[in-house]
Amino acid sequence: MNKNEIVRLLSDEENETALLQAADKVRKDNVGDEVHLRGLIEFSNICRNNCLYCGLRRDNKQLSRYHMNEEELLQTAKSAVDMGFKTLVLQSGEDMYYTRERMSRIIEQIKKLKVALTLSIGEREYADYKAFREAGADRYLMRIETTDKDLYHRLDPGMSWQRRHECLMMIKELGYELGSGIMVGLPEQSIESIADDLLYLQKIGVDMAGIGPFIAHPQTPLKNNASNNLHLSLRTMAVMRLLLPDINIPATTAMESLHPQGRIMALKGGANVVMPNVTEGEYRKLYELYPGKACVDDTPLHCRTCIGAKIAAIGRSIGSGYGGHNNRQPQLVNP
Ligand code: 5AD
Ligand code: SF4
Ligand code: FES
């Protein structure tokens with residue numbers, strides 16, 4: 001597909017159902033009916049960056065900040081494994097409390113639980129990425145957010161698009177499974193630039209692509225912007241599936257936050273992964289990237305049961321393996 005064809009599909013609201021059905025078929029033919037679950041641990045809401053869209057931005061002084069210590073993090077990981085999760089995702093703001101050494105120690109401990117481990121902790125030095133990989137991390141998730149460089153630099157003050165791209169290249173070179181993705185509906189983001197984003201993700205060869213709607217957060221500079229981007233996000237995700245038929249594509253929490261059936265709509269339109277939140281207690285509410293985040297008042301066990309039932313209700317099954325791209329297996333260590 002070329003850029004014009006992608007723009008046409010993204011713009012065609014009338015034929016959205018047909019597009020999602022086509023993506024659903026491509027999903028089924030290439031990755032089957034299994035839905036892979038990833039237990040998401042939001043272990044720190046402290047961030048050194050100041051992204052205009054994000055509730056965790058450092059200038060949001062109204063948010064109480066937390067980070068889990070190594071003990072708490074390990075306990076959360078253990079409960080998630082006890083619930084049956086075979087992949088854990090450690091996600092946080094860019095919190096430098098987690099030094100190379102501390103983070104490596106955490107990774108080594110968690111890997112003893114025999115899970116696939118994904119990191120989503122932002123931009124770090126090459127030596128950090130290398131150490132984390134050697135400590136046992138299997139996958140890394142970092143959205144490019146947008147490939148419109150001017151837009152990126154307006155929305156992410158002090159950050160560099162080129163640097164972020166280089167981080168993704170380092171991650172790939174180190175042999176991680178690479179996850180990236182974008183937000184859809186950012187202020188002044190054009191359909192053409194979303195088409196470029198999809199072609200970029202295809203070109204760098206992502207193993208996973210997370211696509212979520214932008215949702216305006218009241219304690220950010222973008223508070224007055226519209227958050228009605230669910231359908232464009234679904235179409236974007238469906239086109240991603242057509243472009244990269246066998247990768248992992250999550251039904252994102254942001255979609256669920258805009259519609260009570262958002263993730264199911266996504267699973268029926270090309271997605272094959274869900275990342276239930278396994279963070280416990282108060283921390284769940286405090287990881288407020290955007291308002292109205294789904295499941296903030298629920299427990300990990302409730303969500304695990306809920307999502308299991310929803311997946312069964314659409315005739316799909318929960319993945320029994322680790323769910324790597326092309327069935328790639330995680331590094332497993334002896335405890
Ligand atoms: N709306 C939707 N998604 C957001 N993210 C951050 N802020 C928002 C928002 N206001 C997304 C970014 C980031 C991911 C962890 O959350 O894409 O990479
Ligand atoms: Fe920090 Fe990520 Fe939020 Fe930007 S999007 S402020 S890097 S947590
Ligand atoms: Fe959290 Fe349904 S997945 S309540």
# chains A, B, ... in the order shown; residues from 1 in each chain; ligands from 1
>>> closest_atom_pairs(of="chain A", to="ligand 2", cutoff="6 Å", atoms="only C-alpha atoms and all ligand atoms", output="Markdown table")
| residue | atom | partner | partner_atom_place_in_ligand_line | distance |
| --- | --- | --- | --- | --- |
| A:Cys47 | CA | ligand 2 | 1 (Fe) | 4.7 |
| A:Asn49 | CA | ligand 2 | 6 (S) | 4.7 |
| A:Asn50 | CA | ligand 2 | 6 (S) | 4.7 |
| A:Cys51 | CA | ligand 2 | 4 (Fe) | 4.3 |
| A:Cys54 | CA | ligand 2 | 3 (Fe) | 4.5 |
| A:Leu56 | CA | ligand 2 | 3 (Fe) | 4.8 |
| A:Arg57 | CA | ligand 2 | 6 (S) | 3.8 |
| A:Gly93 | CA | ligand 2 | 8 (S) | 3.8 |
| A:Glu94 | CA | ligand 2 | 1 (Fe) | 5.8 |
>>> write_last_selection(atoms="C-alpha atoms", output="compact mmCIF listing (two decimals), in the first residue's frame")
# COMPACT_ATOMS: atom_id res chain seq x y z
CA CYS A 47 8.88 11.54 34.90
CA ASN A 49 9.91 14.89 30.74
CA ASN A 50 7.18 17.40 30.09
CA CYS A 51 5.13 16.07 27.17
CA CYS A 54 0.58 13.57 29.35
CA LEU A 56 2.55 12.48 34.26
CA ARG A 57 4.45 15.47 32.81
CA GLY A 93 7.77 7.62 33.45
CA GLU A 94 11.43 8.41 32.87
>>> closest_atom_pairs(of="chain A", to="ligand 1", cutoff="8 Å", atoms="only C-alpha atoms and all ligand atoms", output="JSON lines")
{"residue": "A:Cys51", "atom": "CA", "partner": "ligand 1", "partner_atom_place_in_ligand_line": "7 (N)", "distance": 7.8}
{"residue": "A:Tyr53", "atom": "CA", "partner": "ligand 1", "partner_atom_place_in_ligand_line": "10 (N)", "distance": 4.5}
{"residue": "A:Cys54", "atom": "CA", "partner": "ligand 1", "partner_atom_place_in_ligand_line": "7 (N)", "distance": 3.7}
{"residue": "A:Gly55", "atom": "CA", "partner": "ligand 1", "partner_atom_place_in_ligand_line": "7 (N)", "distance": 6.4}
{"residue": "A:Leu56", "atom": "CA", "partner": "ligand 1", "partner_atom_place_in_ligand_line": "7 (N)", "distance": 7.8}
{"residue": "A:Gln91", "atom": "CA", "partner": "ligand 1", "partner_atom_place_in_ligand_line": "15 (C)", "distance": 7.7}
{"residue": "A:Ser120", "atom": "CA", "partner": "ligand 1", "partner_atom_place_in_ligand_line": "15 (C)", "distance": 7.8}
{"residue": "A:Met142", "atom": "CA", "partner": "ligand 1", "partner_atom_place_in_ligand_line": "18 (O)", "distance": 6.3}
{"residue": "A:Arg143", "atom": "CA", "partner": "ligand 1", "partner_atom_place_in_ligand_line": "18 (O)", "distance": 4.9}
{"residue": "A:Ile144", "atom": "CA", "partner": "ligand 1", "partner_atom_place_in_ligand_line": "18 (O)", "distance": 7.5}
{"residue": "A:Glu145", "atom": "CA", "partner": "ligand 1", "partner_atom_place_in_ligand_line": "17 (O)", "distance": 5.5}
{"residue": "A:Gly181", "atom": "CA", "partner": "ligand 1", "partner_atom_place_in_ligand_line": "17 (O)", "distance": 7.3}
{"residue": "A:Ile182", "atom": "CA", "partner": "ligand 1", "partner_atom_place_in_ligand_line": "17 (O)", "distance": 5.8}
{"residue": "A:Met183", "atom": "CA", "partner": "ligand 1", "partner_atom_place_in_ligand_line": "17 (O)", "distance": 5.3}
{"residue": "A:Ile211", "atom": "CA", "partner": "ligand 1", "partner_atom_place_in_ligand_line": "17 (O)", "distance": 7.9}
{"residue": "A:Gly212", "atom": "CA", "partner": "ligand 1", "partner_atom_place_in_ligand_line": "3 (N)", "distance": 6.1}
{"residue": "A:Pro213", "atom": "CA", "partner": "ligand 1", "partner_atom_place_in_ligand_line": "2 (C)", "distance": 5.5}
{"residue": "A:Phe214", "atom": "CA", "partner": "ligand 1", "partner_atom_place_in_ligand_line": "1 (N)", "distance": 3.7}
{"residue": "A:Ile215", "atom": "CA", "partner": "ligand 1", "partner_atom_place_in_ligand_line": "1 (N)", "distance": 3.8}
{"residue": "A:Ala216", "atom": "CA", "partner": "ligand 1", "partner_atom_place_in_ligand_line": "10 (N)", "distance": 5.1}
{"residue": "A:His217", "atom": "CA", "partner": "ligand 1", "partner_atom_place_in_ligand_line": "10 (N)", "distance": 5.5}
{"residue": "A:Ala254", "atom": "CA", "partner": "ligand 1", "partner_atom_place_in_ligand_line": "2 (C)", "distance": 6.0}
{"residue": "A:Leu289", "atom": "CA", "partner": "ligand 1", "partner_atom_place_in_ligand_line": "7 (N)", "distance": 4.7}
{"residue": "A:Tyr290", "atom": "CA", "partner": "ligand 1", "partner_atom_place_in_ligand_line": "10 (N)", "distance": 4.3}
{"residue": "A:Pro291", "atom": "CA", "partner": "ligand 1", "partner_atom_place_in_ligand_line": "10 (N)", "distance": 7.6}
>>> residues_near_ligand(ligand="ligand 3", cutoff="7 Å", atoms="only C-alpha atoms and all ligand atoms", output="list in words")
Pro276, Ala294, Cys295, Asp298, His302, Cys303, Arg304, Cys306 and Ile307 of chain A
>>> write_last_selection(atoms="C-alpha atoms", output="compact mmCIF listing (two decimals), in the first residue's frame")
# COMPACT_ATOMS: atom_id res chain seq x y z
CA PRO A 276 -4.57 -5.71 31.57
CA ALA A 294 -10.45 2.30 32.15
CA CYS A 295 -10.22 -0.01 35.16
CA ASP A 298 -10.90 -2.32 39.66
CA HIS A 302 -11.39 -8.50 38.64
CA CYS A 303 -9.86 -7.30 35.35
CA ARG A 304 -8.30 -10.65 34.59
CA CYS A 306 -13.54 -9.57 33.14
CA ILE A 307 -11.27 -9.58 30.11
>>> closest_atom_pairs(of="range 156-239 of chain A", to="range 122-140 of chain A", cutoff="6 Å", atoms="only C-alpha atoms", output="Markdown table")
| residue | atom | partner | partner_atom | distance |
| --- | --- | --- | --- | --- |
| A:Tyr176 | CA | A:Arg139 | CA | 4.8 |
| A:Glu177 | CA | A:Arg139 | CA | 4.5 |
| A:Leu178 | CA | A:Tyr140 | CA | 5.4 |
| A:Gly179 | CA | A:Tyr140 | CA | 5.9 |
>>> atom_distance(atom1="CA of Leu199 in chain A", atom2="CA of Ile121 in chain A")
24.4 Å
>>> closest_residue(among="A:Arg38, A:Ser193, A:Leu88, A:Gln219", to="Asn4 in chain A", atoms="only C-alpha atoms")
A:Ser193
